[in-house]
Structures are given as structure tokens and as C-alpha cells.
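Heads up: the structure comes next, in C-alpha cells.
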Amino acid sequence: MSKRLRSSEVCADCSGPDPSWASVNRGTFICDECCSVHRSLGRHISQVRHLKHTPWPPTLLQMVETLYNNGANSIWEHSLLDPASLISGRRKANPQDKVHPNKAEFIRAKYQMLAFVHRLPCRDDDSVTAKDLSKQLHSSVRTGNLETCLRLLSLGAQANFFHPEKGNTPLHVAAKAGQILQAELLAVYGADPGTQDASGKTPVDYARQGGHHELAERLVEIQYELTDRLAFYLCGRKPDHKNGQHFIIPQMADSSLDLSELAKAAKKKLQSLSNHLFEELAMDVYDEVDRRETDAVWLATQNHSTLVTETTVVPFLPVNPEYSSTRNQGRQKLARFNAHEFATLVIDILSDAKRRQQGSPLSSSKDNVELILKTISNQHSGESQDNDQPDYDSVASDEDTDLDTTASKAHRQKSLDSDLSDGPVTVQEFMEVKNALVASEAKIQQLMKVNNNLSDELRIMQKKRHEAACM
């Protein structure tokens, strides 16, 4: 950990002391209570990490620290700094406010609605405005002024903007200039280190060419961040990119068992997805890994002498309005996979990601994106394709879903060819991680049950107190 922890630091949303979480893409530090709201918004709104109990790439943490220390929060609270806002009744949340509805409403307005961000004058063509902002971003990333770039990104500048005259992207510019923190910020907002410029060079190429070796290595890590995160989730190891090892694919403990026909069909369907569809599914699985890991850190760091109510729990991936209803439904179904089933899916994603990178992707025979995603989702959750369900769950459900179906049993019999693994994990290592995941899952369920019981008792006591007061 860096020298970050100072008594002067306060939560960006309510000014509470000693914030222990960060919103990476917003450049702010936040307290436990406000973080519970951030987590319910989804990673497309706020990407949260614990400052002590989550592993950080050093330069990513340095980027967030720099933004926080240079007043990045004023970007998201611009209009609240105007004295007129006090007259109008608009105010920032404070530590004494209740999480719901006070802090939650303020945080949603601040980050989801962007209600306090400085607005540009209205123009007839929004695409022109976005293009202008992206060109400004393209010029700004060669400097160390992170907050200027964050402000441009908050207003709609595109991190992957390809400059028509310059023939490159902002990440190419940052890599040439050796601006590693700018590269971190651009990557958080979706910049692709593998994008080629007009000369066919990537940002990694320019970083190496300029002698910025730390930046070049970090850009390679960012390029493989998705598969690295999935591998680390399963076995606690990451590939050695410096020595050309870019994938670690654990082998299932039951790899000697034969595949059932349904399991073979599910794997074939996964392999038949177009690259675009496969990337979407992989990103959804990545988001689910992040949700599960963040939940584990969240529960481990809470003071359980107080209630951890259902309002602080994120039972499945929040809805992203930019995605189709079918995709949102599939994303939420990922939460129903038990530890073994989810590990099987992650391994399938890792093995197919490697196969696709090495070439010979199988093209899909279907053009309907949503139909393919729904088919994959149904096969992994053990549901028939003609099962008519709501598009997605609007609220958390307390119902237990029966996962012990034919399809879920089939997943337990999936295997992985040993020649797909650059760094094979032993059966013993995998079983240790799997057992730890199962134990963690059981502990979470136990804590949830205890908290629900405490919530019921609290409501009964409040009802009795109300009745006594009325007598």
C-alpha cells in the first residue's frame, strides 16, 4: 500500500472520515456506506475496489490517488460548488444522512444522472461535440494533467477515438509520451492497447520504442486483463507475460470423465459464437467475477455487530440500460451458478479465448445476436430454450433456484484438453481453490441468513415500540 492513508481524507460523497474504498473510474475515495450504493449501480457506472484488501496494480492506484488529490470530485459536483445551489435547496450528502434514501438518491444523481456535472452549451449535432471533445482528449493525454482528461471523458470524449488527421488514438499519444497514468485512465474508460494506428503500430510498440519499458509491460497486462482476472480468480496465479506466457488455464479435477451430449453441445455453441459475441460473454463473466470477489471483500470487512441488510447486498449484476434485455437476463443468471459450475464456465471462456487468439475461430451460423446469447445462457443455467421468462429481474429474489438439473450435472463432467494449458494447475491446487470458494460461498449464505433474521427482529421491535408509543 502507498502513503495514501492520511487522516485528512474524507468520503467524496458524504465527507465521512477515513474512506476505505475507491471508485476507480470516478477518481474518488468513498466510505463503506456510500460504497454499498456504488456497488448497486453496476460497474458501467462505478468500478469499486477496496483500498487495502484488493490487489492493485501500483500505477492504477497512483492514478486514482492523483485524481483524488487534485480535486477530481469537483468534476462530479461542479454545480454544487455554486453558492446558488444552497439557495435552491440542493446539497451534498453528509455522514449523518441515512443510506436510504438520502445518500442513495444523492449518489445516483451524482454519478448515474450526472446531475451536477458542468454542461456544455447545447448544440444541434451531439456527434460533433463528442468529436471535438475527443480531439481535445487526444491532445491532452501527452501531458500529466489527469483531471483535465477525466473532465473530457465525463463530458463524452471517446477513449478509443481514432483521429482522422493524426491516424492514431489517445492511447498511442500517451504511450509515445510515456504518460503511464494517462494510459491507466484511458484503459479504465475502455481504450484498447492492441489498436493499430495508420502505420500498423500499437501503443505497446510506441512505449517500447520510446524506452518506456514499465509502461509497455503494463499495457500488455491491460491487454490481457480479462483473462488474467479470470485465471487469478480460479487459481490465484497470473501468466508470466514477460516470458511470453499469456494464458493460464486450470484443469478440472474431473477431466477424466466423458462429456455428455448436452455438455458437448454447450461447448460447441460457445465455440461457434462470433468474436464479438464471445467478447460480450467474456466481459459479462468478468463482471460476475468482480461482483463475487467484491462481495467477499465487502462481507469480510463489515462490522457484523451492525446489520448488513438486504439494501447493502448486490445479489446479481445490476441492469445496464445499454445492453439488450436478453443480455441483462443472461448476466443476472450467472449469479445462480454454484462455485463448481461457474468455475467450469470460466475455464471454457479461458480455453476458447486462447484458441481464438491463436487463430481459426469458428464462425457462427446464426446472425441473431440475442438468440445466440439466450441459448448459451439457457444451456449454462439448465433451462429449456422455449422457457418464457421475464427479460430480467428488476429486484433481488429470495427464492432458491434449483441448479441440480441435467445441464448443471453435465457441467460437472466437462473436461479440458491438457494441450490448451500454458501453465497447468494441478488437481490438488484446483481442489484447494474450489473448496475455498465453496466455503466462502457457504459463509456468505450463512451471514445473509443471520442478517435477514436480525432484520426481522428489528422490524418486530420497531413495531412494538410504535405500538407502545401510540398507547
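So you can find residues: chains in the C-alpha cells are A, B, ... in the order shown, residues in each start at 1, and ligands are numbered from 1 in order.
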
Pick out each residue of segment 165-356 of chain A that DSSP on the backbone tags as alpha helix (DSSP H); I need them as a compact mmCIF listing (two decimals) with N, CA and C atoms, in the first residue's frame.
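What landed in selection-v9.txt:
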```txt
# COMPACT_ATOMS: atom_id res chain seq x y z
N PRO A 170 -5.85 8.27 -28.64
CA PRO A 170 -5.23 8.90 -27.47
C PRO A 170 -4.22 8.00 -26.77
N LEU A 171 -4.46 6.68 -26.76
CA LEU A 171 -3.53 5.79 -26.08
C LEU A 171 -2.19 5.72 -26.81
N HIS A 172 -2.20 5.83 -28.13
CA HIS A 172 -0.95 5.91 -28.87
C HIS A 172 -0.16 7.15 -28.43
N VAL A 173 -0.86 8.27 -28.28
CA VAL A 173 -0.20 9.52 -27.90
C VAL A 173 0.39 9.42 -26.49
N ALA A 174 -0.41 8.88 -25.56
CA ALA A 174 0.06 8.72 -24.19
C ALA A 174 1.26 7.78 -24.13
N ALA A 175 1.24 6.71 -24.92
CA ALA A 175 2.35 5.76 -24.92
C ALA A 175 3.62 6.38 -25.48
N LYS A 176 3.49 7.16 -26.54
CA LYS A 176 4.65 7.85 -27.11
C LYS A 176 5.28 8.79 -26.08
N ALA A 177 4.41 9.48 -25.32
CA ALA A 177 4.88 10.48 -24.35
C ALA A 177 5.30 9.85 -23.02
N ILE A 180 2.21 7.10 -18.21
CA ILE A 180 1.64 5.84 -17.75
C ILE A 180 0.32 6.03 -17.01
N LEU A 181 0.18 7.14 -16.26
CA LEU A 181 -1.08 7.37 -15.54
C LEU A 181 -2.20 7.73 -16.50
N GLN A 182 -1.87 8.46 -17.56
CA GLN A 182 -2.87 8.74 -18.59
C GLN A 182 -3.30 7.44 -19.26
N ALA A 183 -2.35 6.54 -19.49
CA ALA A 183 -2.68 5.25 -20.09
C ALA A 183 -3.62 4.46 -19.19
N GLU A 184 -3.37 4.52 -17.87
CA GLU A 184 -4.26 3.84 -16.92
C GLU A 184 -5.67 4.41 -17.00
N LEU A 185 -5.78 5.73 -17.04
CA LEU A 185 -7.11 6.37 -17.10
C LEU A 185 -7.82 6.00 -18.39
N LEU A 186 -7.12 6.06 -19.51
CA LEU A 186 -7.74 5.71 -20.79
C LEU A 186 -8.19 4.25 -20.80
N ALA A 187 -7.38 3.37 -20.22
CA ALA A 187 -7.74 1.96 -20.19
C ALA A 187 -8.98 1.73 -19.34
N VAL A 188 -9.11 2.44 -18.23
CA VAL A 188 -10.31 2.33 -17.38
C VAL A 188 -11.56 2.69 -18.18
N PRO A 203 -0.02 0.89 -29.25
CA PRO A 203 0.56 1.67 -28.14
C PRO A 203 1.73 0.94 -27.48
N VAL A 204 1.66 -0.39 -27.40
CA VAL A 204 2.77 -1.16 -26.81
C VAL A 204 4.04 -0.95 -27.63
N ASP A 205 3.90 -0.95 -28.94
CA ASP A 205 5.06 -0.74 -29.82
C ASP A 205 5.71 0.62 -29.55
N TYR A 206 4.89 1.67 -29.42
CA TYR A 206 5.44 3.01 -29.20
C TYR A 206 6.07 3.15 -27.81
N ALA A 207 5.49 2.49 -26.82
CA ALA A 207 6.08 2.54 -25.48
C ALA A 207 7.46 1.89 -25.48
N ARG A 208 7.59 0.75 -26.14
CA ARG A 208 8.89 0.08 -26.22
C ARG A 208 9.88 0.90 -27.03
N GLN A 209 9.39 1.47 -28.13
CA GLN A 209 10.24 2.27 -29.00
C GLN A 209 10.80 3.48 -28.26
N HIS A 213 9.70 1.15 -20.68
CA HIS A 213 9.52 -0.29 -20.51
C HIS A 213 8.44 -0.63 -19.49
N GLU A 214 8.36 0.13 -18.39
CA GLU A 214 7.32 -0.13 -17.40
C GLU A 214 5.94 0.06 -18.01
N LEU A 215 5.80 1.11 -18.80
CA LEU A 215 4.53 1.38 -19.48
C LEU A 215 4.21 0.27 -20.47
N ALA A 216 5.20 -0.18 -21.23
CA ALA A 216 4.96 -1.25 -22.21
C ALA A 216 4.48 -2.52 -21.52
N GLU A 217 5.13 -2.87 -20.41
CA GLU A 217 4.72 -4.08 -19.68
C GLU A 217 3.32 -3.93 -19.11
N ARG A 218 3.02 -2.75 -18.62
CA ARG A 218 1.68 -2.51 -18.06
C ARG A 218 0.62 -2.58 -19.16
N LEU A 219 0.91 -2.06 -20.33
CA LEU A 219 -0.06 -2.12 -21.44
C LEU A 219 -0.34 -3.56 -21.86
N VAL A 220 0.69 -4.40 -21.81
CA VAL A 220 0.47 -5.83 -22.11
C VAL A 220 -0.44 -6.44 -21.05
N GLU A 221 -0.21 -6.11 -19.79
CA GLU A 221 -1.07 -6.60 -18.71
C GLU A 221 -2.52 -6.16 -18.92
N ILE A 222 -2.69 -4.91 -19.31
CA ILE A 222 -4.04 -4.38 -19.55
C ILE A 222 -4.69 -5.13 -20.71
N GLN A 223 -3.88 -5.45 -21.73
CA GLN A 223 -4.41 -6.16 -22.90
C GLN A 223 -4.96 -7.53 -22.52
N GLU A 225 -6.00 -8.26 -19.35
CA GLU A 225 -6.60 -8.10 -18.02
C GLU A 225 -7.78 -9.03 -17.80
N LEU A 226 -8.61 -9.21 -18.82
CA LEU A 226 -9.80 -10.03 -18.65
C LEU A 226 -9.43 -11.48 -18.34
N THR A 227 -8.60 -12.08 -19.18
CA THR A 227 -8.25 -13.48 -18.95
C THR A 227 -7.36 -13.65 -17.71
N ASP A 228 -6.52 -12.66 -17.42
CA ASP A 228 -5.70 -12.72 -16.21
C ASP A 228 -6.58 -12.74 -14.96
N ARG A 229 -7.61 -11.90 -14.98
CA ARG A 229 -8.51 -11.82 -13.81
C ARG A 229 -9.26 -13.13 -13.63
N LEU A 230 -9.70 -13.73 -14.72
CA LEU A 230 -10.43 -15.00 -14.62
C LEU A 230 -9.53 -16.10 -14.10
N ALA A 231 -8.29 -16.16 -14.58
CA ALA A 231 -7.36 -17.19 -14.13
C ALA A 231 -7.01 -17.00 -12.65
N PHE A 232 -6.79 -15.76 -12.25
CA PHE A 232 -6.44 -15.48 -10.85
C PHE A 232 -7.59 -15.84 -9.92
N TYR A 233 -8.80 -15.64 -10.39
CA TYR A 233 -9.98 -15.97 -9.60
C TYR A 233 -10.02 -17.47 -9.29
N LEU A 234 -9.63 -18.29 -10.25
CA LEU A 234 -9.70 -19.74 -10.07
C LEU A 234 -8.53 -20.32 -9.30
N CYS A 235 -7.32 -19.82 -9.58
CA CYS A 235 -6.15 -20.50 -9.02
C CYS A 235 -5.15 -19.58 -8.35
N GLU A 261 -23.73 -35.38 -24.00
CA GLU A 261 -24.09 -34.75 -25.26
C GLU A 261 -24.48 -33.29 -25.06
N LEU A 262 -25.19 -33.00 -23.95
CA LEU A 262 -25.61 -31.63 -23.69
C LEU A 262 -24.41 -30.74 -23.40
N ALA A 263 -23.45 -31.28 -22.65
CA ALA A 263 -22.24 -30.50 -22.34
C ALA A 263 -21.45 -30.23 -23.61
N LYS A 264 -21.37 -31.24 -24.49
CA LYS A 264 -20.67 -31.05 -25.76
C LYS A 264 -21.37 -29.98 -26.60
N ALA A 265 -22.70 -30.01 -26.60
CA ALA A 265 -23.45 -29.03 -27.38
C ALA A 265 -23.24 -27.62 -26.84
N ALA A 266 -23.20 -27.50 -25.51
CA ALA A 266 -22.99 -26.19 -24.90
C ALA A 266 -21.62 -25.64 -25.26
N LYS A 267 -20.60 -26.51 -25.19
CA LYS A 267 -19.25 -26.07 -25.53
C LYS A 267 -19.13 -25.72 -27.01
N LYS A 268 -19.79 -26.50 -27.85
CA LYS A 268 -19.77 -26.22 -29.28
C LYS A 268 -20.45 -24.89 -29.58
N LYS A 269 -21.54 -24.63 -28.87
CA LYS A 269 -22.24 -23.36 -29.06
C LYS A 269 -21.36 -22.19 -28.66
N LEU A 270 -20.63 -22.35 -27.57
CA LEU A 270 -19.71 -21.31 -27.13
C LEU A 270 -18.64 -21.07 -28.19
N GLN A 271 -18.10 -22.14 -28.75
CA GLN A 271 -17.05 -22.01 -29.75
C GLN A 271 -17.57 -21.42 -31.06
N SER A 272 -18.86 -21.59 -31.32
CA SER A 272 -19.42 -21.11 -32.59
C SER A 272 -19.79 -19.63 -32.55
N ASN A 275 -16.57 -13.58 -32.80
CA ASN A 275 -15.65 -12.95 -31.86
C ASN A 275 -16.33 -11.87 -31.05
N HIS A 276 -17.19 -11.10 -31.69
CA HIS A 276 -17.89 -10.02 -30.99
C HIS A 276 -18.77 -10.56 -29.87
N LEU A 277 -19.54 -11.60 -30.19
CA LEU A 277 -20.43 -12.19 -29.19
C LEU A 277 -19.64 -12.86 -28.07
N PHE A 278 -18.55 -13.52 -28.44
CA PHE A 278 -17.72 -14.16 -27.43
C PHE A 278 -17.13 -13.11 -26.48
N GLU A 279 -16.69 -11.98 -27.01
CA GLU A 279 -16.15 -10.91 -26.18
C GLU A 279 -17.21 -10.39 -25.21
N GLU A 280 -18.45 -10.27 -25.69
CA GLU A 280 -19.53 -9.81 -24.81
C GLU A 280 -19.75 -10.80 -23.66
N LEU A 281 -19.80 -12.09 -23.99
CA LEU A 281 -20.00 -13.10 -22.96
C LEU A 281 -18.83 -13.11 -21.98
N ALA A 282 -17.60 -12.99 -22.49
CA ALA A 282 -16.42 -12.97 -21.63
C ALA A 282 -16.45 -11.76 -20.70
N MET A 283 -16.87 -10.61 -21.22
CA MET A 283 -16.95 -9.41 -20.37
C MET A 283 -18.02 -9.58 -19.29
N ASP A 284 -19.11 -10.25 -19.63
CA ASP A 284 -20.15 -10.49 -18.63
C ASP A 284 -19.64 -11.41 -17.52
N VAL A 285 -18.89 -12.44 -17.90
CA VAL A 285 -18.31 -13.34 -16.90
C VAL A 285 -17.30 -12.59 -16.04
N TYR A 286 -16.52 -11.72 -16.66
CA TYR A 286 -15.56 -10.88 -15.93
C TYR A 286 -16.30 -10.03 -14.88
N ASP A 287 -17.41 -9.42 -15.29
CA ASP A 287 -18.20 -8.60 -14.36
C ASP A 287 -18.72 -9.44 -13.20
N GLU A 288 -19.12 -10.68 -13.49
CA GLU A 288 -19.62 -11.56 -12.43
C GLU A 288 -18.50 -11.95 -11.47
N VAL A 289 -17.31 -12.19 -11.99
CA VAL A 289 -16.15 -12.46 -11.13
C VAL A 289 -15.90 -11.27 -10.22
N ASP A 290 -15.95 -10.07 -10.79
CA ASP A 290 -15.75 -8.86 -9.99
C ASP A 290 -16.81 -8.74 -8.91
N ARG A 291 -18.07 -9.04 -9.25
CA ARG A 291 -19.15 -8.96 -8.26
C ARG A 291 -18.92 -9.94 -7.13
N ARG A 292 -18.55 -11.17 -7.46
CA ARG A 292 -18.35 -12.18 -6.42
C ARG A 292 -17.16 -11.84 -5.53
N GLU A 293 -16.08 -11.39 -6.13
CA GLU A 293 -14.90 -11.05 -5.33
C GLU A 293 -15.15 -9.83 -4.47
N THR A 294 -15.83 -8.84 -5.02
CA THR A 294 -16.12 -7.63 -4.25
C THR A 294 -17.08 -7.93 -3.11
N ASP A 295 -18.06 -8.80 -3.37
CA ASP A 295 -18.98 -9.21 -2.29
C ASP A 295 -18.22 -9.88 -1.15
N ALA A 296 -17.26 -10.74 -1.49
CA ALA A 296 -16.48 -11.44 -0.46
C ALA A 296 -15.67 -10.45 0.37
N VAL A 297 -15.05 -9.47 -0.30
CA VAL A 297 -14.29 -8.44 0.43
C VAL A 297 -15.24 -7.60 1.27
N TRP A 298 -16.39 -7.27 0.70
CA TRP A 298 -17.38 -6.44 1.40
C TRP A 298 -17.81 -7.10 2.71
N LEU A 299 -18.22 -8.36 2.63
CA LEU A 299 -18.70 -9.06 3.81
C LEU A 299 -17.59 -9.27 4.83
N ALA A 300 -16.37 -9.50 4.35
CA ALA A 300 -15.24 -9.73 5.26
C ALA A 300 -14.82 -8.48 6.01
N THR A 301 -15.12 -7.31 5.44
CA THR A 301 -14.65 -6.06 6.05
C THR A 301 -15.73 -5.32 6.83
N SER A 325 -32.27 -6.54 -23.24
CA SER A 325 -32.91 -7.21 -22.10
C SER A 325 -32.45 -8.66 -22.01
N THR A 326 -32.23 -9.31 -23.16
CA THR A 326 -31.77 -10.69 -23.16
C THR A 326 -30.38 -10.81 -22.55
N ARG A 327 -29.51 -9.88 -22.91
CA ARG A 327 -28.16 -9.91 -22.34
C ARG A 327 -28.19 -9.64 -20.84
N ASN A 328 -29.00 -8.68 -20.42
CA ASN A 328 -29.13 -8.41 -18.98
C ASN A 328 -29.65 -9.63 -18.23
N GLN A 329 -30.59 -10.33 -18.84
CA GLN A 329 -31.12 -11.55 -18.22
C GLN A 329 -30.03 -12.60 -18.08
N GLY A 330 -29.24 -12.79 -19.13
CA GLY A 330 -28.16 -13.75 -19.07
C GLY A 330 -27.12 -13.38 -18.04
N ARG A 331 -26.81 -12.10 -17.94
CA ARG A 331 -25.83 -11.63 -16.94
C ARG A 331 -26.30 -11.94 -15.53
N GLN A 332 -27.58 -11.74 -15.27
CA GLN A 332 -28.09 -11.98 -13.92
C GLN A 332 -28.15 -13.47 -13.59
N LYS A 333 -28.34 -14.29 -14.62
CA LYS A 333 -28.37 -15.74 -14.37
C LYS A 333 -27.01 -16.27 -13.91
N ALA A 339 -20.30 -22.66 -7.19
CA ALA A 339 -18.86 -22.46 -7.38
C ALA A 339 -18.29 -23.35 -8.48
N HIS A 340 -18.71 -24.62 -8.50
CA HIS A 340 -18.17 -25.57 -9.48
C HIS A 340 -18.65 -25.22 -10.88
N GLU A 341 -19.92 -24.94 -11.03
CA GLU A 341 -20.48 -24.62 -12.34
C GLU A 341 -19.85 -23.35 -12.91
N PHE A 342 -19.68 -22.34 -12.04
CA PHE A 342 -19.11 -21.09 -12.51
C PHE A 342 -17.64 -21.29 -12.90
N ALA A 343 -16.90 -22.10 -12.12
CA ALA A 343 -15.51 -22.39 -12.45
C ALA A 343 -15.42 -23.08 -13.81
N THR A 344 -16.35 -23.97 -14.10
CA THR A 344 -16.37 -24.66 -15.39
C THR A 344 -16.57 -23.67 -16.53
N LEU A 345 -17.49 -22.75 -16.36
CA LEU A 345 -17.74 -21.74 -17.38
C LEU A 345 -16.51 -20.86 -17.58
N VAL A 346 -15.87 -20.46 -16.49
CA VAL A 346 -14.68 -19.61 -16.59
C VAL A 346 -13.57 -20.33 -17.36
N ILE A 347 -13.38 -21.61 -17.09
CA ILE A 347 -12.35 -22.39 -17.79
C ILE A 347 -12.68 -22.49 -19.28
N ASP A 348 -13.95 -22.68 -19.60
CA ASP A 348 -14.36 -22.72 -21.02
C ASP A 348 -14.04 -21.39 -21.70
N ILE A 349 -14.30 -20.28 -21.02
CA ILE A 349 -14.00 -18.96 -21.57
C ILE A 349 -12.50 -18.80 -21.80
N LEU A 350 -11.70 -19.21 -20.81
CA LEU A 350 -10.25 -19.08 -20.93
C LEU A 350 -9.69 -19.92 -22.09
N SER A 351 -10.15 -21.16 -22.18
CA SER A 351 -9.62 -22.04 -23.23
C SER A 351 -10.02 -21.55 -24.61
N ASP A 352 -11.25 -21.03 -24.75
CA ASP A 352 -11.67 -20.56 -26.06
C ASP A 352 -11.03 -19.22 -26.40
N ALA A 353 -10.74 -18.40 -25.39
CA ALA A 353 -10.04 -17.14 -25.63
C ALA A 353 -8.65 -17.41 -26.21
N LYS A 354 -7.97 -18.42 -25.67
CA LYS A 354 -6.66 -18.77 -26.20
C LYS A 354 -6.76 -19.31 -27.62
N ARG A 355 -7.75 -20.16 -27.84
CA ARG A 355 -7.92 -20.73 -29.18
C ARG A 355 -8.16 -19.64 -30.21
N ARG A 356 -8.98 -18.65 -29.85
CA ARG A 356 -9.30 -17.57 -30.79
C ARG A 356 -8.08 -16.69 -31.05
```

If you count only C-alpha atoms, which residues fall within 7 Å of segment 31-40 of chain A, apart from same-chain ones fewer than 6 positions away, as an mmCIF file with C-alpha atoms, in the first residue's frame?
```cif
data_model
loop_
_atom_site.group_PDB
_atom_site.id
_atom_site.type_symbol
_atom_site.label_atom_id
_atom_site.label_comp_id
_atom_site.auth_asym_id
_atom_site.auth_seq_id
_atom_site.Cartn_x
_atom_site.Cartn_y
_atom_site.Cartn_z
ATOM 1 C CA CYS A 11 -15.504 10.255 1.540
ATOM 2 C CA ASP A 13 -19.912 11.575 -1.401
ATOM 3 C CA GLY A 16 -17.252 10.816 6.226
ATOM 4 C CA PRO A 19 -12.778 6.166 3.311
ATOM 5 C CA SER A 20 -11.724 2.576 2.683
ATOM 6 C CA TRP A 21 -12.949 2.111 -0.915
ATOM 7 C CA SER A 46 -18.770 2.935 -10.779
ATOM 8 C CA VAL A 99 -28.063 5.427 3.362
ATOM 9 C CA LYS A 103 -27.227 9.025 0.365
ATOM 10 C CA ALA A 104 -28.538 6.678 -2.305
ATOM 11 C CA THR A 312 -26.314 -3.397 1.039
ATOM 12 C CA VAL A 314 -25.760 -6.990 -4.582
ATOM 13 C CA PRO A 318 -27.206 -4.682 -11.923
#
```

Report as a PDB file with N, CA, C and O atoms, in the first residue's frame all protein, DNA and RNA residues lying within 9 Å of Ala22 of chain A, evaluated on only C-alpha atoms, omitting residues in the same chain fewer than 3 positions from it.
```pdb
ATOM      1  N   PRO A  19     -12.153   7.040   4.317  1.00  0.00           N
ATOM      2  CA  PRO A  19     -12.778   6.166   3.311  1.00  0.00           C
ATOM      3  C   PRO A  19     -11.882   4.964   3.033  1.00  0.00           C
ATOM      4  O   PRO A  19     -10.657   5.078   2.968  1.00  0.00           O
ATOM      5  N   ASN A  25     -13.051   4.553 -11.776  1.00  0.00           N
ATOM      6  CA  ASN A  25     -13.338   5.369 -12.949  1.00  0.00           C
ATOM      7  C   ASN A  25     -13.811   6.776 -12.610  1.00  0.00           C
ATOM      8  O   ASN A  25     -13.863   7.642 -13.484  1.00  0.00           O
ATOM      9  N   ARG A  26     -14.122   7.033 -11.335  1.00  0.00           N
ATOM     10  CA  ARG A  26     -14.525   8.383 -10.931  1.00  0.00           C
ATOM     11  C   ARG A  26     -13.394   9.133 -10.225  1.00  0.00           C
ATOM     12  O   ARG A  26     -13.504  10.328  -9.978  1.00  0.00           O
ATOM     13  N   GLY A  27     -12.326   8.421  -9.882  1.00  0.00           N
ATOM     14  CA  GLY A  27     -11.188   9.067  -9.253  1.00  0.00           C
ATOM     15  C   GLY A  27     -11.476   9.565  -7.856  1.00  0.00           C
ATOM     16  O   GLY A  27     -10.973  10.630  -7.460  1.00  0.00           O
ATOM     17  N   THR A  28     -12.275   8.812  -7.084  1.00  0.00           N
ATOM     18  CA  THR A  28     -12.670   9.256  -5.747  1.00  0.00           C
ATOM     19  C   THR A  28     -12.479   8.141  -4.723  1.00  0.00           C
ATOM     20  O   THR A  28     -12.461   6.965  -5.075  1.00  0.00           O
ATOM     21  N   PHE A  29     -12.374   8.529  -3.453  1.00  0.00           N
ATOM     22  CA  PHE A  29     -12.381   7.600  -2.329  1.00  0.00           C
ATOM     23  C   PHE A  29     -13.734   7.712  -1.646  1.00  0.00           C
ATOM     24  O   PHE A  29     -14.270   8.819  -1.482  1.00  0.00           O
ATOM     25  N   ILE A  30     -14.289   6.567  -1.223  1.00  0.00           N
ATOM     26  CA  ILE A  30     -15.627   6.553  -0.642  1.00  0.00           C
ATOM     27  C   ILE A  30     -15.672   5.656   0.595  1.00  0.00           C
ATOM     28  O   ILE A  30     -14.861   4.739   0.733  1.00  0.00           O
ATOM     29  N   CYS A  31     -16.639   5.918   1.462  1.00  0.00           N
ATOM     30  CA  CYS A  31     -16.791   5.156   2.699  1.00  0.00           C
ATOM     31  C   CYS A  31     -17.597   3.884   2.450  1.00  0.00           C
ATOM     32  O   CYS A  31     -18.148   3.678   1.358  1.00  0.00           O
ATOM     33  N   CYS A  35     -20.190   3.201  -0.550  1.00  0.00           N
ATOM     34  CA  CYS A  35     -19.767   2.126  -1.454  1.00  0.00           C
ATOM     35  C   CYS A  35     -20.896   1.126  -1.691  1.00  0.00           C
ATOM     36  O   CYS A  35     -21.036   0.588  -2.792  1.00  0.00           O
ATOM     37  N   GLN A  47     -16.730   1.637 -10.742  1.00  0.00           N
ATOM     38  CA  GLN A  47     -15.893   0.450 -10.554  1.00  0.00           C
ATOM     39  C   GLN A  47     -15.191   0.577  -9.203  1.00  0.00           C
ATOM     40  O   GLN A  47     -14.290   1.397  -9.051  1.00  0.00           O
ATOM     41  N   VAL A  48     -15.630  -0.208  -8.212  1.00  0.00           N
ATOM     42  CA  VAL A  48     -15.122  -0.032  -6.853  1.00  0.00           C
ATOM     43  C   VAL A  48     -14.062  -1.078  -6.510  1.00  0.00           C
ATOM     44  O   VAL A  48     -14.127  -2.227  -6.962  1.00  0.00           O
ATOM     45  N   ARG A  49     -13.079  -0.650  -5.707  1.00  0.00           N
ATOM     46  CA  ARG A  49     -12.036  -1.526  -5.176  1.00  0.00           C
ATOM     47  C   ARG A  49     -11.764  -1.130  -3.739  1.00  0.00           C
ATOM     48  O   ARG A  49     -11.760   0.072  -3.411  1.00  0.00           O
ATOM     49  N   HIS A  50     -11.517  -2.128  -2.888  1.00  0.00           N
ATOM     50  CA  HIS A  50     -11.122  -1.832  -1.512  1.00  0.00           C
ATOM     51  C   HIS A  50      -9.664  -1.399  -1.517  1.00  0.00           C
ATOM     52  O   HIS A  50      -8.829  -1.970  -2.221  1.00  0.00           O
ATOM     53  N   LEU A  51      -9.354  -0.381  -0.732  1.00  0.00           N
ATOM     54  CA  LEU A  51      -8.015   0.195  -0.775  1.00  0.00           C
ATOM     55  C   LEU A  51      -6.959  -0.685  -0.121  1.00  0.00           C
ATOM     56  O   LEU A  51      -5.776  -0.587  -0.449  1.00  0.00           O
ATOM     57  N   VAL A  64      -5.570   6.833  -9.354  1.00  0.00           N
ATOM     58  CA  VAL A  64      -6.734   7.221  -8.558  1.00  0.00           C
ATOM     59  C   VAL A  64      -6.328   8.225  -7.475  1.00  0.00           C
ATOM     60  O   VAL A  64      -7.041   9.207  -7.229  1.00  0.00           O
TER      61      VAL A  64
END
```

For this session: Find the residues near Ser15 of chain A: any atom within 8 Å, counting only C-alpha atoms, skip ones fewer than 6 places away on the same chain, and give them as a PyMOL selection string.
Result: chain A and resi 93-95

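When atom CA of His138 of chain A is paired with atom CA of Phe162 of chain A, their separation reads 9.0 Å.
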
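Taking atom CA of Ile45 of chain A and atom CA of Val319 of chain A as endpoints, the distance between them is 10.8 Å.
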